[in-house]
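Taking it in order: structure first as structure tokens, then the write-up.
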Amino acid sequence: MVLINGITRKIAHKFTHKTAQNLSARGYKQFCKALAQPQAVQREKLSSLLKVIAPSVSGKKYNLSSSLCYEEFIRKVPITEYSDWAEQIDKARAGSRKELSVEANERFQPTSGSTSKIKWIPYTQSFLNELDAAISPWMMDMYMHHPGMLKGTHYWSLSWMPTELRRTISGAVNDDLKLLPWWKRLFMGLTSSVPEGVSLADTSEDSQFATLCYLLADKSLSFLSVWSPTFALTLFDNIIKHKLELVSVLATGKWGEREPALPGLKCPRSQRVAELLLHWKGGISAELLQQIWPKLALVSAWDTSSSATWASKLQNLLPQSEFQGKGLWATEGVVTIPFQNQYPLAICSHFYEFIDLDTEEVFPAWKLKQDQLVRPVLTTGSGLLRYAMKDKLRVSGFLQDCPCFEFLGRLDGIDLVGEKMSPEIALEIMKSAEQNPRLTAITVFAVPANTPNEKPFYLLLCEPNSKITELEMKQVAANAEAELKACFHYQLARDLGQLGTLKVCCSQNARDLYYSRCEARGMVVGNIKIEPLVLWDIDTPNVFLDAIAA
């Protein structure tokens, strides 16, 4: 009977994937056709967007009409950021209609901001259709190049909400499947390794634990999609951290003490994995994960800029699978997708412009040149007009006539006292620190002064790979400080006594320290990307000093 059920599930999975593949074909063909005519496609996209935006409050503010061409549009609308839309978005959240678009807002998706703790991005049906215009060709391309995906279940990471936000927002905001058309939700639900209900758990920690249980019990897992590779690595670390509890849950098929926090969720059961974990004496390794997920065919995660180190670690832990880097997706919209081994512009989704970082000149997508360094600007179905993202991209080439990009990092620099710190400098400091193989550099924090008598300082946050001595730590700190002093403005700030000396914190809980800052700002756990340079802007900078002292 077990064999028959296994064969039935295998056939059902393959049939469901084939059906989803066929239903994605239209979007795939549309995207392939668009690659050869970016100007025509983009001009048509702008025209269709103006039809739903022009009659809105913001459309009337800028005197827009559905007949405007691109050249007229850019004369009427300036480049904008979230602060330009915050007041209208707040009104829309309070119930005001037609603020940014004549369409109803299906949801308001939270994300972090540079000046405010939370930004709320409106999602209309037009915007959801724009996301699907990127998802369909991406999924079809994956199915074509990674046929092993057809043979099992899939895991798509949820938008993990901070615990305190879960109690104040709709459950739909915490469920990424709600972003998809009904037929995609149906077929992805049938092949999902983890049920949607995990998003409704009381806390993020309970959601993560339940997710881990479902994944561990799923021997047929063939595709794993997360945004940040550190999310997957932390999830795997929890296999050892919660080993005995996981053994109990998987052996009995009961949640135990977590039952009240996971209402309505049927507990998974796997005697095979329970016994494997019970007798496993080591830490997380490729050998253990290969035994748990022998059919894993593809892993998808960020692998550029500051995520490269973590993506490499993730690949090493899952050698049985192929690896695919993510395109550039943000809560505000999608810029690129992985497609035919490149990262082309999601040409059928939004209307795109790009600010040249050398000249500040703004270009439409069809006028970009090879190797330009640019910042993307989006006009989307959510009603955001000429919205400037804070991402640095290089035009890496072209797929037919459609530009492709390499993600180089975020543009958010930090200037505590005039030292003009940049993510590029932080990356150099981290690379210098990792010349010592006993540690992995996590990030560089800019820590403001806590009292008038203190000086702000930079802190290099690291994770030990093995035991590291106090002498080695001092050498790492000295080398990092030397790297910083090579920068004129940092050296000047140190000479003037404006900055304290760089400090180093090397802790097994380093990633937890990083996440604590992000979650305190309302960031989504599963979407947290570890950036090379971050301002510590919550109220407890002494957590670092405690860790250093320890």
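For the structure tokens, the naming scheme is as follows: chains receive sequential letters (A, B, ...) according to their order of presentation, residues are indexed from 1 within each chain, and ligands are indexed from 1 in presentation order.
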
Next on the checklist: Applying 10 Å and only C-alpha atoms, which residues near Thr336 of chain A remain after dropping the ones on its own chain fewer than 2 positions away? List them as a PyMOL selection string.
Outcome noted: chain A and resi 134+138+326-329+333-334+338-339+342-347+349+403-407

Checklist entry - Contacts of Arg386 of chain A at 10 Å or less, counting only C-alpha atoms, minus same-chain residues fewer than 2 places along, as a list in words? => result Phe73, Ile74, Val77, Pro78, Ile79, Thr80, Glu81, Phe351, Tyr352, Glu353, Phe354, Pro376, Val377, Leu378, Thr379, Thr380, Gly383, Leu384, Ala388 and Met389 of chain A

Item to check | Secondary structure check, helix (DSSP H, G or I) residues of segment 115-343 of chain A, as a ChimeraX atom specification | outcome: /A:125-145,147-151,163-166,171-174,176-179,182-190,196-200,204-216,229-241,243-252,256-261,271-278,286-292,305-317

Item to check | Contacts of Thr230 of chain A at 10 Å (only C-alpha atoms; same-chain gap of 2+ positions) as a ChimeraX atom specification | outcome: /A:226-228,232-236,301-302,307,309-311,313-314,511,526-530

Checklist entry - Nearest to Leu535 of chain A: which of A:Ser58, A:Gln290, A:Ser422, A:Thr359 is it, counting only C-alpha atoms? => result A:Ser422

Next on the checklist: Using only C-alpha atoms for the distances, tell me which of A:Thr443, A:Thr19, A:Ser321, A:Ser222 is nearest to Val534 of chain A.
Outcome noted: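 Among A:Thr443, A:Thr19, A:Ser321, A:Ser222, it is A:Thr443 that comes nearest to Val534 of chain A.
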
Checklist entry - How many Å separate atom CA of Met140 of chain A from atom CA of Asn341 of chain A? => result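 Spanning atom CA of Met140 of chain A to atom CA of Asn341 of chain A is a straight-line distance of 13.2 Å.
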
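Taking atom CA of Gly152 of chain A and atom CA of Phe223 of chain A as the two end points, the separation is 7.7 Å.
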